[in-house]
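Everything below concerns the one structure shown next.
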Amino acid sequence: MANGNDLFDEEPADSATPEKPAKNKAAKSGPLGGVTRRRFLVGAGTAAAAGAAVGTGVTVGVNSFGGGGNEKAPATTTAANGVTYGVPEGQSIAQAVVLLNINGKDEFVSVMPHQSLAEVLRENLGMTGTKVGCDRSECGACTVLIDGIPHNSCSVLAIREEGKKILTVEGLAKGTTLSNVQQAFMDKMGYQCGFCTSGQMLQATALLQSNPNPDEAAIRHALSGNLCKCAGYPNIVAAVQAAAKAKTA
């Protein structure tokens, strides 16, 4: 029996139960293909400490971080424009150059792995029509459409949105002509302070694209995730109803 001084000593060499050899298990790939979540999120700090900057070995163009958990890291390739696509094997990511399609226009944007789409829109591209309210996906002020589906952009990583069509409030109008939804919000005073209005209009736009003639219950249900602290809900509902009539007229 072990005494009080050797409780944590190693087993003697002639132990009846020999130590099993350690197995060199391959690291499982995370939800980002061959990049684990820890490696994905910690990469920015690791590389920054090493003085990483745009144009160095840890700044890459990202083709896609999608895919199942068993996929291997995509091989890196270099496009004709000199941008390297893919995740370099054995390297952490400090920054990435992604190609975002915003309001029908392609934009090469240098982003950090942890940056939300809302941050990139506002800070990197100057599109401040997208508002950040709660910054935790509860108020809906930051709503944008991604491939036609409303998303809270404060909770979406910009680095994962390459190849998708992103619509912000700046893209609703055609030149100087307001969309039906924008015009209806003007006519029916569907706003007060206006902070939530961009998110409300994008949510309404998505609703009318999928249901051109919604009743009041459908409108209230669709906009239930978009909060208005000014409590202007009756006018907001009236605006969406007016936009629906204008669209079907």
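Just remember, in the structure tokens the first chain shown is A, the second B, etc., residues are 1-based per chain, and ligands are 1-based in the order shown.
Excluding A:Gly129 and any residue on its chain fewer than 6 positions from it, the residues at most 9 Å away by only C-alpha atoms are Leu121, Arg122, Cys142, Thr168, Val169, Glu170 and Ser198 of chain A.
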Query raised in the report: Leaving out A:Leu99 and any residue of its chain fewer than 3 positions from it, which residues lie within 10 Å of it when counting only C-alpha atoms, given as a VMD selection string?
Result: chain A and resid 61 to 63 96 102 105 to 110 158 to 159 161 to 164
For those residues, write C-alpha atoms to a file as a PDB file, in the first residue's frame.
```
ATOM      1  CA  GLY A  61      -7.814  34.822 -48.736  1.00  0.00           C
ATOM      2  CA  VAL A  62     -10.517  32.488 -47.522  1.00  0.00           C
ATOM      3  CA  ASN A  63     -12.493  30.608 -50.149  1.00  0.00           C
ATOM      4  CA  ALA A  96      -8.148  37.081 -44.016  1.00  0.00           C
ATOM      5  CA  ILE A 102     -22.763  43.539 -50.768  1.00  0.00           C
ATOM      6  CA  LYS A 105     -21.138  44.805 -55.616  1.00  0.00           C
ATOM      7  CA  ASP A 106     -18.092  42.617 -54.933  1.00  0.00           C
ATOM      8  CA  GLU A 107     -15.809  43.917 -52.193  1.00  0.00           C
ATOM      9  CA  PHE A 108     -12.430  42.471 -51.197  1.00  0.00           C
ATOM     10  CA  VAL A 109     -12.263  43.120 -47.464  1.00  0.00           C
ATOM     11  CA  SER A 110      -9.506  42.366 -44.970  1.00  0.00           C
ATOM     12  CA  ALA A 158     -17.943  38.097 -41.739  1.00  0.00           C
ATOM     13  CA  ILE A 159     -15.190  35.621 -42.606  1.00  0.00           C
ATOM     14  CA  GLU A 161     -19.984  35.012 -45.669  1.00  0.00           C
ATOM     15  CA  GLU A 162     -17.855  34.807 -48.801  1.00  0.00           C
ATOM     16  CA  GLY A 163     -19.848  33.898 -51.882  1.00  0.00           C
ATOM     17  CA  LYS A 164     -23.201  34.932 -50.388  1.00  0.00           C
TER      18      LYS A 164
END
```
Query - All residues 9 Å or closer to A:Ser116, only C-alpha atoms, same chain fewer than 6 positions away omitted, as a ChimeraX atom specification - result: /A:153-159
Requested in this report: Name the residues in contact with A:Cys134 at a cut-off of 12 Å, using only C-alpha atoms, excluding same-chain residues fewer than 4 positions from it; report them as number ranges by chain.
Outcome: A: 118, 138-143, 152-155, 195-196, 226-227, 229
Query raised in the report: Please, what distance in Å, to one decimal, runs between atom CA of A:Ala173 and atom CA of A:Gly190?
Result: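 So the answer is 16.9 Å.
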Query - Residues within 12 Å of A:Ala218, only C-alpha atoms, excluding chain neighbours under 5 positions, as a PyMOL selection string - result: chain A and resi 204+207-208+210-213+223-224+237+240-241
Query raised in the report: Expressed in Å to a single decimal, how great is the separation between atom CA of A:Val181 and atom CA of A:Ala231?
Result: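 Between these atoms lies a distance of 19.1 Å.
Reported to one decimal place, the separation of atom CA of A:Ala206 from atom CA of A:Ile149 is 6.6 Å.
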Query raised in the report: Per DSSP on the backbone, what are the helix (DSSP H, G or I) residues of stretch 130-244 of chain A, as an MDAnalysis selection string?
Result: chainID A and resid 153:155 158:160 169:171 180:187 197:210 216:222 233:244
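Minimum atom-to-atom distance to A:Asn124, evaluated using only C-alpha atoms, belongs to A:Met112 out of A:Tyr191, A:Asn103, A:Ala79, A:Met112.
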Requested in this report: Can you work out which one of A:Leu125, A:Ala243, A:Leu117, A:Ile219 has the shortest atom-to-atom distance to A:Ala184, counting only C-alpha atoms?
Outcome: A:Ala243
Query raised in the report: What are the DSSP strand (DSSP E) residues of stretch 64-220 of chain A, as a ChimeraX atom specification?
Result: /A:77-78,84-85,95-102,105-111,143-146,149-152,165-167
Requested write-out: N, CA and C atoms of the selected residues, as a short mmCIF file (atom, residue, chain, number, x, y, z; two decimals), in the first residue's frame:
```
data_model
loop_
_atom_site.label_atom_id
_atom_site.label_comp_id
_atom_site.auth_asym_id
_atom_site.auth_seq_id
_atom_site.Cartn_x
_atom_site.Cartn_y
_atom_site.Cartn_z
N THR A 77 -4.53 27.66 -52.69
CA THR A 77 -4.30 27.92 -54.10
C THR A 77 -4.11 29.41 -54.28
N THR A 78 -3.40 29.79 -55.30
CA THR A 78 -3.16 31.20 -55.57
C THR A 78 -3.86 31.59 -56.86
N THR A 84 -3.99 34.38 -52.05
CA THR A 84 -3.94 32.97 -51.69
C THR A 84 -5.24 32.57 -51.01
N TYR A 85 -5.88 31.53 -51.53
CA TYR A 85 -7.14 31.06 -50.98
C TYR A 85 -6.92 29.77 -50.21
N GLN A 95 -5.56 37.52 -40.02
CA GLN A 95 -6.47 38.27 -40.87
C GLN A 95 -6.72 37.46 -42.13
N ALA A 96 -7.83 37.77 -42.77
CA ALA A 96 -8.15 37.08 -44.02
C ALA A 96 -8.76 38.08 -44.98
N VAL A 97 -8.48 37.89 -46.24
CA VAL A 97 -9.10 38.70 -47.28
C VAL A 97 -10.27 37.91 -47.84
N VAL A 98 -11.47 38.43 -47.65
CA VAL A 98 -12.67 37.75 -48.13
C VAL A 98 -13.33 38.58 -49.20
N LEU A 99 -14.00 37.90 -50.11
CA LEU A 99 -14.74 38.57 -51.17
C LEU A 99 -16.22 38.55 -50.79
N LEU A 100 -16.73 39.71 -50.42
CA LEU A 100 -18.13 39.82 -50.01
C LEU A 100 -18.93 40.51 -51.11
N ASN A 101 -20.08 39.96 -51.42
CA ASN A 101 -20.99 40.60 -52.38
C ASN A 101 -22.03 41.37 -51.58
N ILE A 102 -21.89 42.68 -51.57
CA ILE A 102 -22.76 43.54 -50.77
C ILE A 102 -23.54 44.46 -51.69
N LYS A 105 -22.50 44.40 -55.27
CA LYS A 105 -21.14 44.81 -55.62
C LYS A 105 -20.14 43.95 -54.85
N ASP A 106 -19.14 43.42 -55.57
CA ASP A 106 -18.09 42.62 -54.93
C ASP A 106 -17.09 43.52 -54.22
N GLU A 107 -16.76 43.15 -52.99
CA GLU A 107 -15.81 43.92 -52.19
C GLU A 107 -14.78 42.97 -51.59
N PHE A 108 -13.49 43.18 -51.90
CA PHE A 108 -12.43 42.47 -51.20
C PHE A 108 -12.19 43.20 -49.88
N VAL A 109 -12.36 42.49 -48.78
CA VAL A 109 -12.26 43.12 -47.46
C VAL A 109 -11.30 42.32 -46.59
N SER A 110 -10.40 43.01 -45.92
CA SER A 110 -9.51 42.37 -44.97
C SER A 110 -10.20 42.35 -43.61
N VAL A 111 -10.44 41.15 -43.09
CA VAL A 111 -11.17 41.01 -41.83
C VAL A 111 -10.37 40.15 -40.86
N THR A 143 -30.32 43.78 -38.51
CA THR A 143 -30.78 42.82 -39.52
C THR A 143 -30.29 43.17 -40.91
N VAL A 144 -29.74 42.19 -41.60
CA VAL A 144 -29.43 42.28 -43.04
C VAL A 144 -29.96 41.01 -43.68
N LEU A 145 -30.05 41.02 -45.00
CA LEU A 145 -30.47 39.82 -45.71
C LEU A 145 -29.24 39.14 -46.30
N ILE A 146 -29.11 37.85 -46.03
CA ILE A 146 -28.02 37.05 -46.60
C ILE A 146 -28.67 35.96 -47.44
N ILE A 149 -32.36 35.80 -46.79
CA ILE A 149 -32.85 35.40 -45.46
C ILE A 149 -32.38 36.43 -44.43
N PRO A 150 -33.28 36.91 -43.55
CA PRO A 150 -32.87 37.87 -42.52
C PRO A 150 -31.91 37.23 -41.51
N HIS A 151 -30.85 37.96 -41.20
CA HIS A 151 -29.88 37.51 -40.19
C HIS A 151 -29.52 38.70 -39.31
N ASN A 152 -29.26 38.41 -38.04
CA ASN A 152 -28.71 39.43 -37.14
C ASN A 152 -27.21 39.51 -37.40
N LYS A 165 -24.86 36.54 -51.07
CA LYS A 165 -25.36 37.87 -51.45
C LYS A 165 -25.92 38.55 -50.21
N ILE A 166 -25.30 39.67 -49.86
CA ILE A 166 -25.67 40.41 -48.66
C ILE A 166 -26.39 41.68 -49.06
N LEU A 167 -27.57 41.91 -48.48
CA LEU A 167 -28.33 43.13 -48.76
C LEU A 167 -28.47 43.92 -47.47
#
```
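Excluding A:Cys193 and any residue on its chain fewer than 4 positions from it, the residues at most 10 Å away by only C-alpha atoms are Thr197, Cys228, Lys229, Cys230 and Gly232 of chain A.
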Keeping only N, CA and C atoms, write the selected residues as a PDB file, in the first residue's frame.
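New file again-v4.pdb:
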```
ATOM      1  N   THR A 197     -35.132  51.263 -37.567  1.00  0.00           N
ATOM      2  CA  THR A 197     -35.863  51.284 -38.840  1.00  0.00           C
ATOM      3  C   THR A 197     -35.204  50.463 -39.936  1.00  0.00           C
ATOM      4  N   CYS A 228     -38.799  47.772 -31.172  1.00  0.00           N
ATOM      5  CA  CYS A 228     -38.860  49.231 -31.312  1.00  0.00           C
ATOM      6  C   CYS A 228     -39.062  49.809 -29.924  1.00  0.00           C
ATOM      7  N   LYS A 229     -38.025  50.429 -29.375  1.00  0.00           N
ATOM      8  CA  LYS A 229     -38.125  50.975 -28.021  1.00  0.00           C
ATOM      9  C   LYS A 229     -39.050  52.182 -27.961  1.00  0.00           C
ATOM     10  N   CYS A 230     -39.318  52.790 -29.117  1.00  0.00           N
ATOM     11  CA  CYS A 230     -40.269  53.899 -29.153  1.00  0.00           C
ATOM     12  C   CYS A 230     -41.714  53.400 -29.218  1.00  0.00           C
ATOM     13  N   GLY A 232     -43.392  52.095 -31.719  1.00  0.00           N
ATOM     14  CA  GLY A 232     -44.108  52.552 -32.909  1.00  0.00           C
ATOM     15  C   GLY A 232     -44.701  51.423 -33.733  1.00  0.00           C
TER      16      GLY A 232
END
```
